[in-house]
$ cat my_file-v1.cif   # mmCIF, C-alpha atoms
data_structure
#
loop_
_atom_site.label_atom_id
_atom_site.label_comp_id
_atom_site.auth_asym_id
_atom_site.auth_seq_id
_atom_site.Cartn_x
_atom_site.Cartn_y
_atom_site.Cartn_z
CA MET A 1 -23.90 15.10 25.01
CA LEU A 2 -22.60 12.38 22.72
CA ALA A 3 -19.72 14.59 21.52
CA GLY A 4 -18.78 15.44 25.10
CA ARG A 5 -18.79 11.76 26.05
CA PHE A 6 -16.56 10.94 23.10
CA LEU A 7 -14.11 13.72 23.92
CA GLY A 8 -13.96 12.66 27.56
CA TRP A 9 -13.25 9.08 26.56
CA ALA A 10 -10.85 10.05 23.79
CA PHE A 11 -8.61 12.07 26.07
CA GLY A 12 -8.67 9.49 28.82
CA LEU A 13 -6.06 6.83 29.29
CA SER A 14 -7.73 4.66 26.67
CA PHE A 15 -6.41 6.90 23.91
CA ALA A 16 -3.57 8.78 25.55
CA LEU A 17 -1.42 5.79 26.47
CA PRO A 18 -1.68 4.01 23.09
CA LEU A 19 -1.03 7.30 21.31
CA VAL A 20 2.06 7.96 23.42
CA ALA A 21 3.27 4.35 22.99
CA GLY A 22 2.83 4.53 19.22
CA LEU A 23 4.56 7.91 18.90
CA LEU A 24 7.46 6.87 21.13
CA ALA A 25 7.94 3.60 19.23
CA THR A 26 7.84 5.39 15.88
CA ALA A 27 10.32 8.05 17.00
CA ALA A 28 12.72 5.49 18.49
CA LEU A 29 12.62 3.31 15.37
CA ARG A 30 13.08 6.29 13.04
CA ARG A 31 16.23 7.26 14.95
CA ARG A 32 17.51 3.72 14.32
CA GLU A 33 16.53 4.12 10.64
CA ASN A 34 14.09 1.22 10.84
CA PRO A 35 12.07 1.19 7.59
CA TYR A 36 9.11 -0.30 9.46
CA ALA A 37 8.93 2.58 11.98
CA VAL A 38 5.42 3.84 11.17
CA GLY A 39 3.83 0.38 10.93
CA ALA A 40 5.57 -0.78 14.10
CA GLY A 41 4.43 2.39 15.90
CA LEU A 42 0.84 1.74 14.84
CA HIS A 43 1.14 -1.85 16.00
CA ALA A 44 2.62 -0.70 19.33
CA ALA A 45 -0.42 1.56 19.78
CA LEU A 46 -2.71 -1.37 18.96
CA VAL A 47 -0.94 -3.66 21.44
CA THR A 48 -1.11 -0.98 24.14
CA PHE A 49 -4.82 -0.37 23.46
CA SER A 50 -5.52 -4.13 23.54
CA LEU A 51 -3.66 -4.64 26.80
CA LEU A 52 -5.42 -1.67 28.41
CA THR A 53 -8.77 -3.06 27.25
CA LEU A 54 -7.93 -6.45 28.76
CA LEU A 55 -6.85 -4.79 32.01
CA VAL A 56 -10.02 -2.70 32.30
CA THR A 57 -12.18 -5.71 31.45
CA ALA A 58 -10.37 -7.81 34.05
CA LEU A 59 -10.85 -5.15 36.71
CA ARG A 60 -14.55 -4.71 35.93
CA PHE A 61 -15.71 -8.22 35.14
CA GLY A 62 -12.88 -10.64 35.91
CA LEU A 63 -10.52 -12.02 33.33
CA HIS A 64 -11.73 -15.01 31.36
CA LEU A 65 -9.47 -15.35 28.34
CA GLY A 66 -9.67 -18.02 25.71
CA PRO A 67 -6.44 -19.73 24.68
CA VAL A 68 -6.61 -18.31 21.15
CA LEU A 69 -6.71 -14.73 22.48
CA VAL A 70 -3.75 -15.38 24.78
CA VAL A 71 -1.69 -16.90 21.96
CA MET A 72 -2.62 -14.07 19.55
CA LYS A 73 -1.59 -11.38 22.06
CA LEU A 74 1.69 -13.15 22.86
CA VAL A 75 2.51 -13.61 19.17
CA SER A 76 1.57 -9.98 18.53
CA ILE A 77 3.90 -8.72 21.27
CA GLY A 78 6.64 -11.17 20.24
CA GLY A 79 6.35 -10.11 16.59
CA LEU A 80 6.63 -6.45 17.54
CA VAL A 81 9.72 -7.10 19.68
CA TRP A 82 11.21 -9.19 16.85
CA LEU A 83 10.60 -6.37 14.36
CA VAL A 84 12.18 -3.80 16.67
CA VAL A 85 15.23 -5.93 17.46
CA ARG A 86 15.76 -7.22 13.93
CA PRO A 87 13.91 -5.29 11.21
CA ALA A 88 13.34 -7.80 8.42
CA PRO A 89 10.56 -9.01 6.13
CA ALA A 90 9.76 -12.06 8.31
CA PRO A 91 8.54 -10.20 11.44
CA ALA A 92 6.87 -7.57 9.27
CA GLY A 93 5.03 -10.33 7.38
CA LEU A 94 3.96 -11.90 10.67
CA LEU A 95 2.52 -8.60 11.87
CA VAL A 96 0.79 -7.97 8.53
CA ALA A 97 -0.80 -11.44 8.78
CA LEU A 98 -1.86 -10.84 12.41
CA ASN A 99 -3.36 -7.47 11.59
CA ALA A 100 -5.14 -8.86 8.53
CA TYR A 101 -6.57 -11.65 10.72
CA HIS A 102 -7.68 -9.05 13.27
CA VAL A 103 -9.43 -7.04 10.55
CA LEU A 104 -11.17 -10.16 9.20
CA MET A 105 -12.39 -11.14 12.68
CA ASP A 106 -13.67 -7.59 13.26
CA LEU A 107 -15.49 -7.64 9.92
CA ALA A 108 -17.03 -11.02 10.81
CA ALA A 109 -18.31 -9.56 14.10
CA LEU A 110 -19.59 -6.36 12.48
CA PRO A 111 -23.16 -7.48 11.56
CA GLY A 112 -24.01 -8.38 15.15
CA PHE A 113 -22.35 -5.25 16.41
CA VAL A 114 -24.28 -3.02 13.99
CA ARG A 115 -27.58 -4.57 15.10
CA ALA A 116 -26.68 -3.85 18.73
CA THR A 117 -25.38 -0.28 18.19
CA PRO A 118 -28.71 1.59 18.77
CA GLN A 119 -29.15 -0.22 22.07
CA LEU A 120 -25.51 0.41 23.01
CA VAL A 121 -25.84 4.16 22.41
CA ARG A 122 -29.15 4.30 24.26
CA THR A 123 -27.77 2.44 27.27
CA GLY A 124 -24.69 4.63 27.50
CA ALA A 125 -22.32 1.97 26.22
CA PHE A 126 -20.97 4.16 23.43
CA ASP A 127 -17.50 3.16 24.62
CA GLU A 128 -18.16 -0.25 23.09
CA LEU A 129 -18.46 1.26 19.64
CA VAL A 130 -15.22 3.21 20.05
CA SER A 131 -13.55 0.11 21.51
CA PHE A 132 -14.48 -1.71 18.33
CA LEU A 133 -13.43 1.01 15.90
CA VAL A 134 -10.05 1.96 17.40
CA PRO A 135 -8.36 -1.46 17.10
CA PHE A 136 -9.99 -1.98 13.72
CA VAL A 137 -8.56 1.25 12.32
CA LEU A 138 -5.15 0.64 13.95
CA SER A 139 -5.03 -2.88 12.49
CA VAL A 140 -5.88 -1.66 9.01
CA LEU A 141 -3.30 1.13 9.14
CA ALA A 142 -0.57 -1.11 10.61
CA ALA A 143 -1.19 -3.77 7.96
CA VAL A 144 -1.11 -1.15 5.18
CA PHE A 145 2.07 0.59 6.35
CA LEU A 146 3.94 -2.63 7.16
CA GLY A 147 2.72 -4.23 3.94
CA ARG A 148 3.88 -1.31 1.79
CA VAL A 149 7.42 -1.44 3.19
CA LEU A 150 7.45 -5.24 3.05
CA THR A 151 6.30 -5.26 -0.59
CA SER A 152 8.90 -2.68 -1.62
CA GLN A 153 11.70 -4.58 0.14
CA VAL A 154 10.71 -7.89 -1.44
CA SER A 155 10.47 -6.33 -4.90
CA GLN A 156 13.89 -4.65 -4.44
CA ARG A 157 15.42 -8.00 -3.45
CA SER A 158 13.90 -9.73 -6.47
CA ALA A 159 15.08 -6.97 -8.78
CA SER A 160 18.63 -7.17 -7.41
CA ALA A 161 18.75 -10.99 -7.56
CA PRO A 162 20.79 -12.34 -10.46
CA ALA A 163 18.70 -13.65 -13.34
CA SER A 164 19.22 -17.32 -14.09
#
$ encode --input "my_file-v1.cif" --output "structure tokens"
Amino acid sequence: MLAGRFLGWAFGLSFALPLVAGLLATAALRRRENPYAVGAGLHAALVTFSLLTLLVTALRFGLHLGPVLVVMKLVSIGGLVWLVVRPAPAPAGLLVALNAYHVLMDLAALPGFVRATPQLVRTGAFDELVSFLVPFVLSVLAAVFLGRVLTSQVSQRSASAPAS
């Protein structure tokens, strides 16, 4: 039953739309020879998943957002647009920092979440566990892929800079 529930959720809009958004962003950026294509695609999937989660939450329970969440989402979207329009180390660094912050906040919330997991599974709220893991994994992957390209570009610039 648990596997069927997961598959039903996984192939719903919660996964399909972020997957499509990430793949489309990656393909479009690769055509433009953007070195950050994979990391930006992962971040586009994360942004899409986050916005869908906010939309579903708003429809079910009303939308009560804290100012930090609003600013973080706006900076995340702005950083992604900046990276797409002008691929450079600065927007990539911003997105690496945002994703690293997201990972740290998820890790800080993990102990309470782990304690609640048996109750969540028993009460049929398995979606909560998946809703926690998906953005966590996307954040880690986006930070790793963006960070790898960013590190290689910075090291290439330092190697090509004239020695004084």
$ resolve_selection --input "my_file-v1.cif" --expression "the PyMOL selection byres ((chain A and resi 89-106) around 8)" --output "JSON, numbers by chain"
{"A": [36, 72, 76, 79, 80, 82, 83, 87, 88, 107, 108, 109, 110, 132, 136, 139, 140, 142, 143, 144, 146, 147, 150, 153, 154]}
$ atom_distance --input "my_file-v1.cif" --atom1 "atom CA of Val47 of chain A" --atom2 "atom CA of Pro135 of chain A"
8.9 Å
$ atom_distance --input "my_file-v1.cif" --atom1 "atom CA of Ala25 of chain A" --atom2 "atom CA of Ser155 of chain A"
26.2 Å
$ closest_residue --input "my_file-v1.cif" --among "A:Leu46, A:Ala40, A:Val56, A:Leu17" --to "Val134 of chain A" --atoms "all atoms listed in the file"
A:Leu46
$ closest_residue --input "my_file-v1.cif" --among "A:Ser14, A:Val85, A:Pro35, A:Leu19" --to "Ser152 of chain A" --atoms "all atoms listed in the file"
A:Pro35
